Structures are given as C-alpha cells and as structure tokens.
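Engineer: Structure: data-v1.pdb, PDB, C-alpha atoms.
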MODEL        1
ATOM      1  CA  MET V   1     -49.270  53.203 -26.638
ATOM      2  CA  LEU V   2     -46.674  55.933 -26.146
ATOM      3  CA  PRO V   3     -45.524  57.919 -29.179
ATOM      4  CA  LYS V   4     -42.216  56.572 -30.522
ATOM      5  CA  LEU V   5     -39.518  59.197 -30.882
ATOM      6  CA  THR V   6     -36.709  58.680 -33.378
ATOM      7  CA  PRO V   7     -33.192  59.491 -32.175
ATOM      8  CA  ALA V   8     -31.243  61.861 -34.402
ATOM      9  CA  PRO V   9     -28.512  60.416 -36.623
ATOM     10  CA  THR V  10     -24.969  61.512 -35.871
ATOM     11  CA  GLY V  11     -21.920  61.802 -38.043
ATOM     12  CA  ALA V  12     -18.907  63.896 -38.936
ATOM     13  CA  GLY V  13     -18.865  67.537 -39.942
ATOM     14  CA  GLY V  14     -20.607  70.681 -38.744
ATOM     15  CA  THR V  15     -24.214  71.778 -38.619
ATOM     16  CA  LEU V  16     -26.242  70.052 -41.313
ATOM     17  CA  SER V  17     -26.246  72.296 -44.423
ATOM     18  CA  GLY V  18     -27.827  75.255 -42.610
ATOM     19  CA  MET V  19     -31.164  73.426 -42.520
ATOM     20  CA  ARG V  20     -33.676  75.302 -40.372
ATOM     21  CA  VAL V  21     -37.117  74.558 -39.008
ATOM     22  CA  ALA V  22     -39.625  76.690 -37.136
ATOM     23  CA  ILE V  23     -41.933  75.642 -34.314
ATOM     24  CA  ILE V  24     -44.921  77.821 -33.417
ATOM     25  CA  ASP V  25     -46.245  76.582 -30.080
ATOM     26  CA  VAL V  26     -49.711  77.826 -29.094
ATOM     27  CA  GLY V  27     -50.167  77.221 -25.373
ATOM     28  CA  SER V  28     -52.433  78.294 -22.541
ATOM     29  CA  ASN V  29     -50.313  81.289 -21.518
ATOM     30  CA  THR V  30     -48.147  82.159 -24.490
ATOM     31  CA  ILE V  31     -47.539  81.655 -28.190
ATOM     32  CA  ARG V  32     -43.866  80.953 -28.820
ATOM     33  CA  LEU V  33     -41.613  80.722 -31.839
ATOM     34  CA  LEU V  34     -38.473  78.589 -32.020
ATOM     35  CA  ILE V  35     -36.292  78.661 -35.119
ATOM     36  CA  ALA V  36     -33.613  75.983 -34.875
ATOM     37  CA  HIS V  37     -31.117  73.864 -36.728
ATOM     38  CA  ARG V  38     -29.338  70.665 -35.695
ATOM     39  CA  ARG V  39     -25.700  70.093 -34.882
ATOM     40  CA  ASN V  40     -24.218  66.826 -36.129
ATOM     41  CA  SER V  41     -24.077  65.700 -32.488
ATOM     42  CA  GLY V  42     -27.868  65.497 -32.697
ATOM     43  CA  GLU V  43     -28.438  68.547 -30.468
ATOM     44  CA  VAL V  44     -31.001  71.101 -31.567
ATOM     45  CA  GLU V  45     -29.480  74.576 -31.588
ATOM     46  CA  PRO V  46     -31.840  77.556 -31.269
ATOM     47  CA  VAL V  47     -31.360  80.281 -33.870
ATOM     48  CA  ARG V  48     -34.137  82.610 -32.730
ATOM     49  CA  GLU V  49     -36.818  82.552 -30.044
ATOM     50  CA  GLU V  50     -39.801  84.870 -29.644
ATOM     51  CA  ARG V  51     -42.951  84.872 -27.557
ATOM     52  CA  THR V  52     -46.150  86.778 -26.946
ATOM     53  CA  VAL V  53     -48.430  86.472 -23.921
ATOM     54  CA  VAL V  54     -51.955  85.843 -25.217
ATOM     55  CA  GLY V  55     -53.732  84.079 -22.342
ATOM     56  CA  LEU V  56     -55.988  81.633 -24.167
ATOM     57  CA  GLY V  57     -56.223  79.416 -21.096
ATOM     58  CA  ALA V  58     -57.603  82.209 -18.921
ATOM     59  CA  GLU V  59     -60.499  82.707 -21.325
ATOM     60  CA  ILE V  60     -61.161  78.985 -21.452
ATOM     61  CA  GLU V  61     -61.320  78.930 -17.652
ATOM     62  CA  ARG V  62     -63.761  81.879 -17.549
ATOM     63  CA  LEU V  63     -65.916  81.181 -20.590
ATOM     64  CA  GLY V  64     -65.296  77.584 -21.632
ATOM     65  CA  ARG V  65     -64.284  78.885 -25.056
ATOM     66  CA  ILE V  66     -62.088  81.504 -26.759
ATOM     67  CA  SER V  67     -63.648  84.843 -27.709
ATOM     68  CA  ASP V  68     -63.426  86.313 -31.202
ATOM     69  CA  ALA V  69     -61.161  89.095 -29.900
ATOM     70  CA  LYS V  70     -58.746  86.607 -28.376
ATOM     71  CA  LEU V  71     -58.834  84.447 -31.522
ATOM     72  CA  ALA V  72     -57.833  87.512 -33.513
ATOM     73  CA  GLU V  73     -54.981  88.228 -31.092
ATOM     74  CA  ALA V  74     -53.728  84.652 -31.379
ATOM     75  CA  ALA V  75     -53.986  84.820 -35.167
ATOM     76  CA  GLU V  76     -51.943  88.025 -35.312
ATOM     77  CA  SER V  77     -49.121  86.512 -33.246
ATOM     78  CA  THR V  78     -49.143  83.329 -35.301
ATOM     79  CA  ARG V  79     -49.135  85.276 -38.575
ATOM     80  CA  GLU V  80     -46.131  87.328 -37.448
ATOM     81  CA  PHE V  81     -44.188  84.280 -36.278
ATOM     82  CA  ALA V  82     -44.862  82.461 -39.566
ATOM     83  CA  ARG V  83     -43.612  85.545 -41.419
ATOM     84  CA  LEU V  84     -40.406  85.574 -39.356
ATOM     85  CA  ALA V  85     -39.906  81.858 -40.021
ATOM     86  CA  ARG V  86     -40.186  82.342 -43.773
ATOM     87  CA  LEU V  87     -37.841  85.341 -43.709
ATOM     88  CA  ALA V  88     -35.335  83.143 -41.858
ATOM     89  CA  GLY V  89     -35.462  80.614 -44.699
ATOM     90  CA  CYS V  90     -36.958  77.768 -42.677
ATOM     91  CA  ASP V  91     -37.365  74.494 -44.564
ATOM     92  CA  ALA V  92     -40.468  73.583 -42.559
ATOM     93  CA  ILE V  93     -42.921  75.276 -40.185
ATOM     94  CA  ASP V  94     -44.748  73.217 -37.563
ATOM     95  CA  VAL V  95     -47.695  74.948 -35.864
ATOM     96  CA  VAL V  96     -49.025  73.081 -32.830
ATOM     97  CA  ILE V  97     -51.652  73.771 -30.182
ATOM     98  CA  THR V  98     -51.374  72.168 -26.755
ATOM     99  CA  ALA V  99     -53.992  72.360 -23.978
ATOM    100  CA  PRO V 100     -56.207  75.057 -25.601
ATOM    101  CA  GLY V 101     -56.860  72.702 -28.488
ATOM    102  CA  ARG V 102     -58.004  69.992 -26.094
ATOM    103  CA  GLN V 103     -59.909  72.109 -23.571
ATOM    104  CA  SER V 104     -61.668  74.908 -25.468
ATOM    105  CA  GLY V 105     -65.284  74.546 -26.523
ATOM    106  CA  ASN V 106     -64.435  76.101 -29.898
ATOM    107  CA  ALA V 107     -61.089  74.392 -30.488
ATOM    108  CA  GLU V 108     -61.969  73.641 -34.120
ATOM    109  CA  ARG V 109     -62.434  77.371 -34.710
ATOM    110  CA  LEU V 110     -59.033  78.050 -33.141
ATOM    111  CA  VAL V 111     -57.387  75.566 -35.507
ATOM    112  CA  SER V 112     -59.117  77.082 -38.534
ATOM    113  CA  VAL V 113     -58.191  80.658 -37.617
ATOM    114  CA  LEU V 114     -54.542  79.772 -37.016
ATOM    115  CA  GLU V 115     -54.260  77.756 -40.232
ATOM    116  CA  HIS V 116     -55.424  80.800 -42.165
ATOM    117  CA  ALA V 117     -53.042  83.094 -40.269
ATOM    118  CA  ALA V 118     -49.987  80.873 -40.665
ATOM    119  CA  ASP V 119     -50.833  79.656 -44.185
ATOM    120  CA  ALA V 120     -49.714  76.264 -42.906
ATOM    121  CA  PRO V 121     -51.280  73.152 -41.364
ATOM    122  CA  VAL V 122     -52.065  73.342 -37.647
ATOM    123  CA  ARG V 123     -52.366  70.301 -35.398
ATOM    124  CA  VAL V 124     -53.568  69.766 -31.859
ATOM    125  CA  LEU V 125     -51.161  67.685 -29.798
ATOM    126  CA  SER V 126     -52.649  65.028 -27.561
ATOM    127  CA  ALA V 127     -51.536  65.133 -23.937
ATOM    128  CA  ARG V 128     -49.411  62.050 -24.514
ATOM    129  CA  GLU V 129     -47.760  63.553 -27.590
ATOM    130  CA  GLU V 130     -47.071  66.722 -25.634
ATOM    131  CA  GLY V 131     -45.477  64.786 -22.775
ATOM    132  CA  ALA V 132     -43.378  62.582 -25.055
ATOM    133  CA  LEU V 133     -42.077  65.537 -27.073
ATOM    134  CA  ALA V 134     -41.263  67.545 -23.943
ATOM    135  CA  TYR V 135     -39.373  64.491 -22.674
ATOM    136  CA  LEU V 136     -37.407  64.266 -25.921
ATOM    137  CA  GLY V 137     -36.529  67.970 -25.930
ATOM    138  CA  ALA V 138     -35.439  67.874 -22.278
ATOM    139  CA  VAL V 139     -33.266  64.755 -22.379
ATOM    140  CA  ARG V 140     -31.622  65.603 -25.727
ATOM    141  CA  ARG V 141     -30.249  68.821 -24.192
ATOM    142  CA  ALA V 142     -29.155  67.225 -20.905
ATOM    143  CA  ALA V 143     -25.835  65.620 -21.766
ATOM    144  CA  ASP V 144     -24.979  64.966 -18.107
ATOM    145  CA  VAL V 145     -28.064  62.794 -17.455
ATOM    146  CA  ILE V 146     -27.800  59.005 -17.856
ATOM    147  CA  GLY V 147     -30.006  56.053 -16.928
ATOM    148  CA  PRO V 148     -33.700  56.313 -16.005
ATOM    149  CA  VAL V 149     -34.872  59.929 -15.941
ATOM    150  CA  ALA V 150     -38.200  61.586 -15.123
ATOM    151  CA  VAL V 151     -39.304  64.677 -17.034
ATOM    152  CA  CYS V 152     -42.047  66.995 -15.775
ATOM    153  CA  ASP V 153     -43.621  69.545 -18.128
ATOM    154  CA  ILE V 154     -45.864  72.063 -16.357
ATOM    155  CA  GLY V 155     -48.070  73.989 -18.744
ATOM    156  CA  GLY V 156     -50.858  76.432 -18.104
ATOM    157  CA  GLY V 157     -53.645  73.926 -18.664
ATOM    158  CA  SER V 158     -52.074  70.518 -18.033
ATOM    159  CA  THR V 159     -49.019  68.810 -16.576
ATOM    160  CA  GLU V 160     -47.194  65.795 -17.998
ATOM    161  CA  LEU V 161     -44.803  63.429 -16.236
ATOM    162  CA  ALA V 162     -42.749  60.922 -18.241
ATOM    163  CA  VAL V 163     -40.080  58.380 -17.257
ATOM    164  CA  GLY V 164     -37.664  56.510 -19.493
ATOM    165  CA  LEU V 165     -34.034  56.080 -20.438
ATOM    166  CA  ALA V 166     -32.164  59.250 -21.302
ATOM    167  CA  ASP V 167     -31.224  57.957 -24.767
ATOM    168  CA  GLY V 168     -34.683  56.831 -25.832
ATOM    169  CA  SER V 169     -38.425  57.423 -25.666
ATOM    170  CA  PRO V 170     -40.425  57.478 -22.416
ATOM    171  CA  ASP V 171     -41.605  54.070 -21.235
ATOM    172  CA  TRP V 172     -44.172  55.545 -18.821
ATOM    173  CA  LEU V 173     -46.194  58.748 -19.185
ATOM    174  CA  ARG V 174     -49.116  60.364 -17.385
ATOM    175  CA  SER V 175     -50.954  63.618 -18.057
ATOM    176  CA  PHE V 176     -52.865  65.552 -15.398
ATOM    177  CA  GLU V 177     -55.618  68.034 -16.223
ATOM    178  CA  THR V 178     -54.199  70.747 -14.045
ATOM    179  CA  GLY V 179     -51.597  73.378 -14.809
ATOM    180  CA  SER V 180     -50.278  76.617 -13.390
ATOM    181  CA  LEU V 181     -52.967  78.791 -14.960
ATOM    182  CA  ARG V 182     -55.860  76.457 -14.109
ATOM    183  CA  LEU V 183     -54.723  76.058 -10.502
ATOM    184  CA  THR V 184     -54.267  79.812 -10.147
ATOM    185  CA  HIS V 185     -57.716  80.569 -11.544
ATOM    186  CA  ARG V 186     -59.462  78.053  -9.294
ATOM    187  CA  TYR V 187     -57.604  78.453  -5.993
ATOM    188  CA  LEU V 188     -54.919  81.140  -6.054
ATOM    189  CA  HIS V 189     -56.469  83.950  -8.080
ATOM    190  CA  ASP V 190     -56.058  86.551  -5.344
ATOM    191  CA  GLY V 191     -52.691  88.296  -5.608
ATOM    192  CA  ARG V 192     -52.053  87.335  -1.988
ATOM    193  CA  PRO V 193     -53.865  84.026  -1.363
ATOM    194  CA  SER V 194     -54.237  82.755   2.177
ATOM    195  CA  ARG V 195     -52.675  79.646   3.663
ATOM    196  CA  LYS V 196     -56.142  78.102   3.441
ATOM    197  CA  ASP V 197     -56.160  78.777  -0.307
ATOM    198  CA  LEU V 198     -52.712  77.220  -0.566
ATOM    199  CA  ARG V 199     -53.855  74.067   1.255
ATOM    200  CA  ALA V 200     -56.851  73.809  -1.070
ATOM    201  CA  ALA V 201     -54.584  74.128  -4.114
ATOM    202  CA  ARG V 202     -52.283  71.393  -2.817
ATOM    203  CA  GLY V 203     -55.279  69.191  -2.142
ATOM    204  CA  HIS V 204     -56.487  69.685  -5.710
ATOM    205  CA  VAL V 205     -53.096  68.649  -7.120
ATOM    206  CA  ARG V 206     -52.928  65.627  -4.835
ATOM    207  CA  GLU V 207     -56.365  64.497  -6.016
ATOM    208  CA  HIS V 208     -55.028  64.409  -9.566
ATOM    209  CA  LEU V 209     -52.003  62.387  -8.439
ATOM    210  CA  VAL V 210     -53.927  59.713  -6.516
ATOM    211  CA  GLY V 211     -52.828  56.267  -7.670
ATOM    212  CA  THR V 212     -49.892  57.589  -9.692
ATOM    213  CA  ARG V 213     -46.804  55.432  -9.203
ATOM    214  CA  PRO V 214     -44.014  56.401 -11.599
ATOM    215  CA  PRO V 215     -41.115  53.991 -12.149
ATOM    216  CA  TRP V 216     -37.865  54.654 -10.313
ATOM    217  CA  ALA V 217     -35.717  57.395 -11.823
ATOM    218  CA  GLY V 218     -32.219  58.371 -10.788
ATOM    219  CA  ALA V 219     -32.580  61.905 -12.154
ATOM    220  CA  ALA V 220     -35.400  64.304 -12.931
ATOM    221  CA  LEU V 221     -35.781  67.289 -15.263
ATOM    222  CA  ALA V 222     -38.385  70.053 -15.100
ATOM    223  CA  THR V 223     -39.355  71.934 -18.235
ATOM    224  CA  GLY V 224     -41.853  74.657 -19.081
ATOM    225  CA  GLY V 225     -42.175  78.343 -18.246
ATOM    226  CA  ALA V 226     -42.865  77.793 -14.546
ATOM    227  CA  ALA V 227     -39.676  75.770 -14.110
ATOM    228  CA  ARG V 228     -37.587  78.388 -15.907
ATOM    229  CA  ALA V 229     -39.026  81.143 -13.702
ATOM    230  CA  LEU V 230     -38.474  79.131 -10.517
ATOM    231  CA  ARG V 231     -34.822  78.858 -11.449
ATOM    232  CA  LYS V 232     -34.566  82.623 -10.891
ATOM    233  CA  LEU V 233     -35.819  82.140  -7.334
ATOM    234  CA  SER V 234     -34.025  78.971  -6.298
ATOM    235  CA  GLY V 235     -31.358  78.004  -8.830
ATOM    236  CA  ARG V 236     -31.307  75.112 -11.272
ATOM    237  CA  ASN V 237     -31.581  72.408  -8.591
ATOM    238  CA  LEU V 238     -35.187  72.188  -7.343
ATOM    239  CA  GLY V 239     -35.421  69.769  -4.445
ATOM    240  CA  ALA V 240     -37.942  69.710  -1.610
ATOM    241  CA  GLU V 241     -36.212  72.475   0.354
ATOM    242  CA  GLU V 242     -35.796  74.759  -2.659
ATOM    243  CA  LEU V 243     -39.399  74.314  -3.755
ATOM    244  CA  ALA V 244     -40.736  74.920  -0.243
ATOM    245  CA  GLY V 245     -38.687  78.111  -0.173
ATOM    246  CA  ALA V 246     -40.037  79.128  -3.581
ATOM    247  CA  VAL V 247     -43.620  78.652  -2.388
ATOM    248  CA  ASP V 248     -42.919  80.812   0.670
ATOM    249  CA  THR V 249     -41.293  83.486  -1.484
ATOM    250  CA  CYS V 250     -44.262  83.554  -3.856
ATOM    251  CA  MET V 251     -46.667  83.834  -0.923
ATOM    252  CA  ARG V 252     -44.657  86.625   0.707
ATOM    253  CA  LEU V 253     -43.936  88.790  -2.346
ATOM    254  CA  GLY V 254     -47.016  88.228  -4.468
ATOM    255  CA  PRO V 255     -46.956  88.538  -8.273
ATOM    256  CA  GLY V 256     -45.901  92.198  -8.278
ATOM    257  CA  GLY V 257     -43.004  91.614  -5.927
ATOM    258  CA  LEU V 258     -41.829  88.569  -7.894
ATOM    259  CA  ALA V 259     -41.905  90.522 -11.150
ATOM    260  CA  ARG V 260     -39.882  93.391  -9.692
ATOM    261  CA  ARG V 261     -37.319  91.472  -7.647
ATOM    262  CA  TYR V 262     -36.616  88.609 -10.037
ATOM    263  CA  ASP V 263     -37.382  90.231 -13.405
ATOM    264  CA  ILE V 264     -40.169  87.751 -14.133
ATOM    265  CA  ASP V 265     -42.817  88.555 -16.713
ATOM    266  CA  PRO V 266     -45.926  89.772 -14.818
ATOM    267  CA  ALA V 267     -48.156  87.166 -16.488
ATOM    268  CA  ARG V 268     -45.765  84.393 -15.413
ATOM    269  CA  ALA V 269     -45.400  85.868 -11.928
ATOM    270  CA  GLY V 270     -49.171  85.668 -11.515
ATOM    271  CA  THR V 271     -49.159  81.874 -11.937
ATOM    272  CA  LEU V 272     -45.768  81.028 -10.435
ATOM    273  CA  LEU V 273     -47.080  80.057  -7.008
ATOM    274  CA  ALA V 274     -49.302  77.450  -8.668
ATOM    275  CA  GLY V 275     -46.352  76.175 -10.708
ATOM    276  CA  ALA V 276     -44.259  75.826  -7.551
ATOM    277  CA  VAL V 277     -47.057  73.925  -5.799
ATOM    278  CA  ILE V 278     -47.471  71.488  -8.690
ATOM    279  CA  LEU V 279     -43.746  70.886  -9.031
ATOM    280  CA  SER V 280     -43.288  70.377  -5.282
ATOM    281  CA  GLU V 281     -45.996  67.714  -5.217
ATOM    282  CA  LEU V 282     -44.464  65.945  -8.209
ATOM    283  CA  GLN V 283     -40.980  66.179  -6.702
ATOM    284  CA  GLU V 284     -42.227  64.358  -3.624
ATOM    285  CA  LEU V 285     -43.760  61.714  -5.878
ATOM    286  CA  VAL V 286     -40.601  61.233  -7.977
ATOM    287  CA  GLY V 287     -38.305  61.276  -4.957
ATOM    288  CA  VAL V 288     -35.300  63.060  -6.508
ATOM    289  CA  PRO V 289     -34.634  66.776  -7.051
ATOM    290  CA  PHE V 290     -35.579  68.320 -10.376
ATOM    291  CA  LEU V 291     -33.009  70.038 -12.529
ATOM    292  CA  VAL V 292     -34.386  72.819 -14.708
ATOM    293  CA  ALA V 293     -34.082  71.502 -18.263
ATOM    294  CA  ARG V 294     -32.470  73.407 -21.124
ATOM    295  CA  GLY V 295     -35.023  72.073 -23.604
ATOM    296  CA  GLY V 296     -38.629  70.975 -23.755
ATOM    297  CA  LEU V 297     -41.601  70.674 -26.083
ATOM    298  CA  ARG V 298     -40.398  73.003 -28.834
ATOM    299  CA  GLU V 299     -36.925  71.483 -28.891
ATOM    300  CA  GLY V 300     -38.490  68.016 -29.071
ATOM    301  CA  LEU V 301     -40.656  69.091 -31.995
ATOM    302  CA  ALA V 302     -37.686  70.684 -33.761
ATOM    303  CA  HIS V 303     -35.598  67.560 -33.206
ATOM    304  CA  SER V 304     -38.304  65.329 -34.720
ATOM    305  CA  LEU V 305     -38.856  67.699 -37.616
ATOM    306  CA  LEU V 306     -35.163  67.928 -38.421
ATOM    307  CA  VAL V 307     -34.860  64.150 -38.425
ATOM    308  CA  ASP V 308     -37.765  63.981 -40.882
ATOM    309  CA  GLN V 309     -36.110  66.603 -43.104
ATOM    310  CA  VAL V 310     -32.798  64.699 -43.141
ATOM    311  CA  ALA V 311     -34.576  61.410 -43.940
ATOM    312  CA  ALA V 312     -36.381  63.076 -46.828
TER
ENDMDL
END
Kindly transcribe the structure held in the file into structure tokens.

Structural biologist:
Amino acid sequence: MLPKLTPAPTGAGGTLSGMRVAIIDVGSNTIRLLIAHRRNSGEVEPVREERTVVGLGAEIERLGRISDAKLAEAAESTREFARLARLAGCDAIDVVITAPGRQSGNAERLVSVLEHAADAPVRVLSAREEGALAYLGAVRRAADVIGPVAVCDIGGGSTELAVGLADGSPDWLRSFETGSLRLTHRYLHDGRPSRKDLRAARGHVREHLVGTRPPWAGAALATGGAARALRKLSGRNLGAEELAGAVDTCMRLGPGGLARRYDIDPARAGTLLAGAVILSELQELVGVPFLVARGGLREGLAHSLLVDQVAA
C-alpha cells in the first residue's frame, strides 16, 4: 500500500505564525538541511538550505558498509545542521536517511551515530516512502501542473518513479535499485568512459525497468540533484532531444569540463552522465518530457511535518 499524504489546509492570512521546521536529509551523495515554513496557500517556503558532500554511497559500493571515518564525517555534518536548526527556532527537526539506511551493511550503526549527533530521532525511509514524499514535494511546488503527473526522483543509490493526480498522493509507485552514484561506480567510473561503457550502463538501467508499465501521465517532473544539474546543461524542459544532448555533452567534456563550464559541483559532475542516462531511459518509458521540479523529498517532508504541527 502506498503511503497516504495529507494535503495542507488553506485559509486566509499570511504565513502561519512563523512556524518553522527543519529537515536533515542524509543521502548517498550529500547531507542536506532545509529549514522551511508554510504559506497559507499550502506551499512550503524555504528559509535556509545547506549541504555537505559526504559520499556515503561510494563507500557502500566499495566496502558494503560505512567506515568509522565516514560515520564521523556524517555525524559532524548532522550535528552542525541540527545546531543551525535550533538556532533558527525550528519547532521540529526531522532527520531521515534514504538509500544508505537501506543498503549499508552497518545501517543500524549509522542511525545510532546520527541520533547521538543530532540529539533527535533518526528514521530510515523506505523506498516507497521516499518516492511518495518526493512526489508530494514536487507536485506541491508545481502550480502549473494539473491532471495525472509522473514524478521521477533520481538519487545516488536508488531511483523512484510515481504517478498520480497533481492534487493528491501517488496511485502508482516503483523504486529501482540503481542511482547516479551506483551506475557511475559500476559502469562509468572512468572520467571519460567509452561508448561501450555507455551502452553497458544503459543496458543495466533497462534491466531494472523490464516489465515496468506506468499509468498514462500528461506531465512529468524530475527531482533530485541530477535533475537540477541537468537543467544547467539543457534548460528546465528535459525531453528526448535535450537528454540525448546532455549525455553527449557529459561524454565530451567529462566531469572536470562540466564543473568548469556549467559551475557544477565536482562531486555532482562526476555522476551526472549516469543521472542523464537514467532520466533518458525513464523519459522514454513515461513518454512526455520532464520538467525540472522546484521541490522534492525535503519539501515533501517539510510539508507533512508542518501539517502535523498545525494539527497539533
């Protein structure tokens, strides 16, 4: 059963009483902080955003687990973000772990270390929770989208695709155990992979998509770091032609060239080709161009948390 997501109440007036929440999102590539409040329209408004590149997923790919040194690095980032959230007067702090909490051999240790660092509960999101929350965050910040919509969330360790009505929860959701970091590590790890490597990477993605038949959607949104970076290459509209061009650009320039020409973080540039490959395969499956979403997982979490705070 898909997680049920509660729509935000609306009413008259301005932003609700300055109420703030903080989301600390521990992912395969980065740890991110979102401090947000909610407008009375129901839209989550960011107050502050921060991030650090930690690379938990790369260690999981190499070792099957997270080293003590990397655990300490993740703890330090989480501790600092929790401190910033408390200084900002947040009413609630939600610390979540995505793919690393599902894929690491010592995931329980990761949870324990981060709980101590944040002095707050830490929870591991299931793939379905992650996809449903990314869907919520994307559609709530896409006022121009109506009717059935598909939302793709490409992470470092997994990819989620959800379809539903723009004003509700997803009715259909699938998660695939491949993401931009995993695909890079397994097939595209050379800074300048060959066309043979590229074909192998596409084949790997297609194997994960075998038998996947999403419902019809009249619009599609792409969220996650890869989608935001691809916007710098190709614009907000990512159809088949734009994504093919992005793949060619990534192949031609390599990570260093992408970082320099498009001002992309070097860690993101190193996995962007894989992100473009995954999104191009999903775009063909969905059948409509993706628009790069303004929101995603963290906005979905903030939205849900703010609704809970109002209800309380």

Engineer: Got a sec to resolve the PyMOL selection byres ((chain V and resi 102-116) around 10) on this structure and send the residues as an mmCIF file with C-alpha atoms, in the frame of the given file?

Structural biologist:
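And here's out05.cif as it stands now:
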data_model
loop_
_atom_site.group_PDB
_atom_site.id
_atom_site.type_symbol
_atom_site.label_atom_id
_atom_site.label_comp_id
_atom_site.auth_asym_id
_atom_site.auth_seq_id
_atom_site.Cartn_x
_atom_site.Cartn_y
_atom_site.Cartn_z
ATOM 1 C CA VAL V 26 -49.711 77.826 -29.094
ATOM 2 C CA SER V 28 -52.433 78.294 -22.541
ATOM 3 C CA LEU V 56 -55.988 81.633 -24.167
ATOM 4 C CA GLY V 57 -56.223 79.416 -21.096
ATOM 5 C CA GLU V 59 -60.499 82.707 -21.325
ATOM 6 C CA ILE V 60 -61.161 78.985 -21.452
ATOM 7 C CA GLU V 61 -61.320 78.930 -17.652
ATOM 8 C CA LEU V 63 -65.916 81.181 -20.590
ATOM 9 C CA GLY V 64 -65.296 77.584 -21.632
ATOM 10 C CA ARG V 65 -64.284 78.885 -25.056
ATOM 11 C CA ILE V 66 -62.088 81.504 -26.759
ATOM 12 C CA SER V 67 -63.648 84.843 -27.709
ATOM 13 C CA ASP V 68 -63.426 86.313 -31.202
ATOM 14 C CA LYS V 70 -58.746 86.607 -28.376
ATOM 15 C CA LEU V 71 -58.834 84.447 -31.522
ATOM 16 C CA ALA V 72 -57.833 87.512 -33.513
ATOM 17 C CA ALA V 74 -53.728 84.652 -31.379
ATOM 18 C CA ALA V 75 -53.986 84.820 -35.167
ATOM 19 C CA GLU V 76 -51.943 88.025 -35.312
ATOM 20 C CA SER V 77 -49.121 86.512 -33.246
ATOM 21 C CA THR V 78 -49.143 83.329 -35.301
ATOM 22 C CA ARG V 79 -49.135 85.276 -38.575
ATOM 23 C CA VAL V 95 -47.695 74.948 -35.864
ATOM 24 C CA VAL V 96 -49.025 73.081 -32.830
ATOM 25 C CA ILE V 97 -51.652 73.771 -30.182
ATOM 26 C CA THR V 98 -51.374 72.168 -26.755
ATOM 27 C CA ALA V 99 -53.992 72.360 -23.978
ATOM 28 C CA PRO V 100 -56.207 75.057 -25.601
ATOM 29 C CA GLY V 101 -56.860 72.702 -28.488
ATOM 30 C CA ALA V 117 -53.042 83.094 -40.269
ATOM 31 C CA ALA V 118 -49.987 80.873 -40.665
ATOM 32 C CA ASP V 119 -50.833 79.656 -44.185
ATOM 33 C CA ALA V 120 -49.714 76.264 -42.906
ATOM 34 C CA PRO V 121 -51.280 73.152 -41.364
ATOM 35 C CA VAL V 122 -52.065 73.342 -37.647
ATOM 36 C CA ARG V 123 -52.366 70.301 -35.398
ATOM 37 C CA VAL V 124 -53.568 69.766 -31.859
ATOM 38 C CA LEU V 125 -51.161 67.685 -29.798
ATOM 39 C CA SER V 126 -52.649 65.028 -27.561
ATOM 40 C CA ALA V 127 -51.536 65.133 -23.937
ATOM 41 C CA GLY V 157 -53.645 73.926 -18.664
ATOM 42 C CA SER V 158 -52.074 70.518 -18.033
ATOM 43 C CA GLU V 177 -55.618 68.034 -16.223
#

Engineer: Report the distance between atom CA of Glu281 of chain V and atom CA of Leu230 of chain V in Å, rounded to one decimal place.

Structural biologist: 14.7 Å

Engineer: Taking all atoms listed in the file into account, which of V:Val145, V:Leu133, V:Ala240, V:Ala82 comes nearest Leu301 of chain V?

Structural biologist: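 Between V:Val145, V:Leu133, V:Ala240, V:Ala82, the residue approaching Leu301 of chain V most closely is V:Leu133.
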
Engineer: On this file, the PyMOL selection byres ((chain V and resi 29-33) around 6) gives some set of residues; write that set as a PyMOL selection string.

Structural biologist: chain V and resi 23-28+34+49-55+156

Engineer: Write out as an NGL selection string each polymer residue whose atoms come within 10 Å of Pro214 of chain V, counting all atoms listed in the file; drop sequence neighbours fewer than 6 positions from it.

Structural biologist: :V and (150 or 161-163 or 172-174 or 285-286)

Engineer: Atom CA of Leu243 of chain V and atom CA of Leu297 of chain V are how many Å apart?

Structural biologist: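 Atom CA of Leu243 of chain V sits 22.7 Å away from atom CA of Leu297 of chain V.
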
Engineer: Rank V:Asn40, V:Thr223, V:Ser280, V:Thr212 by their smallest atom-to-atom distance to Leu238 of chain V, using only C-alpha atoms, and report the top residue only.

Structural biologist: V:Ser280

Engineer: For segment 83-93 of chain V, work out the shell of residues within 6 Å, counting all atoms listed in the file and skipping chain neighbours fewer than 5 positions away, then give it as a list in words.

Structural biologist: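 Surrounding residues, per the criterion: Arg20, Val21, Ala22 and Ile23 of chain V.
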
Engineer: Include C-alpha atoms and write out the residues we just selected as a PDB file, in the frame of the given file.

Structural biologist:
ATOM      1  CA  ARG V  20     -33.676  75.302 -40.372  1.00  0.00           C
ATOM      2  CA  VAL V  21     -37.117  74.558 -39.008  1.00  0.00           C
ATOM      3  CA  ALA V  22     -39.625  76.690 -37.136  1.00  0.00           C
ATOM      4  CA  ILE V  23     -41.933  75.642 -34.314  1.00  0.00           C
TER       5      ILE V  23
END

Engineer: Let me make sure I understand: among V:Ala302, V:Cys152, V:Val277, V:Ile146, which one has the smallest atom-to-atom distance to Gly224 of chain V if we use all atoms listed in the file?

Structural biologist: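 Selected residue with least distance to Gly224 of chain V: V:Cys152.
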
Engineer: The PyMOL selection byres ((chain V and resi 278) around 9) on the file shown: which residues, as a PyMOL selection string?

Structural biologist: chain V and resi 154+159+178-180+183+201-202+205-206+273-277+279-283

Engineer: My list of candidates is V:Phe290, V:Ala229, V:Met251, V:Leu165. Which is closest to Lys196 of chain V when distances are computed with all atoms listed in the file?

Structural biologist: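 Of all the options, V:Met251 lies closest to Lys196 of chain V.
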
Engineer: Could you tell me how far atom CA of Pro148 of chain V sits from atom CA of Pro289 of chain V, in Å to one decimal place?

Structural biologist: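 These atoms are spaced 13.8 Å apart.
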
Engineer: Using only C-alpha atoms, which of V:Leu258, V:Ala200, V:Leu272, V:Val288 sits nearest Leu221 of chain V?

Structural biologist: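 Comparing V:Leu258, V:Ala200, V:Leu272, V:Val288 against Leu221 of chain V, the winner is V:Val288.
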
Engineer: Counting only C-alpha atoms, which of V:Ala58, V:Val149, V:Ile264, V:Leu305 gets nearest to Thr184 of chain V?

Structural biologist: V:Ala58

Engineer: Find the axis-aligned box for segment 259-267 of chain V, covering all its listed atoms and adding 6 Å on each side, and write its centre and edge lengths in Å to one decimal as JSON.

Structural biologist:
{"center_x": -42.4, "center_y": 90.3, "center_z": -12.2, "size_x": 23.5, "size_y": 18.2, "size_z": 21.1}
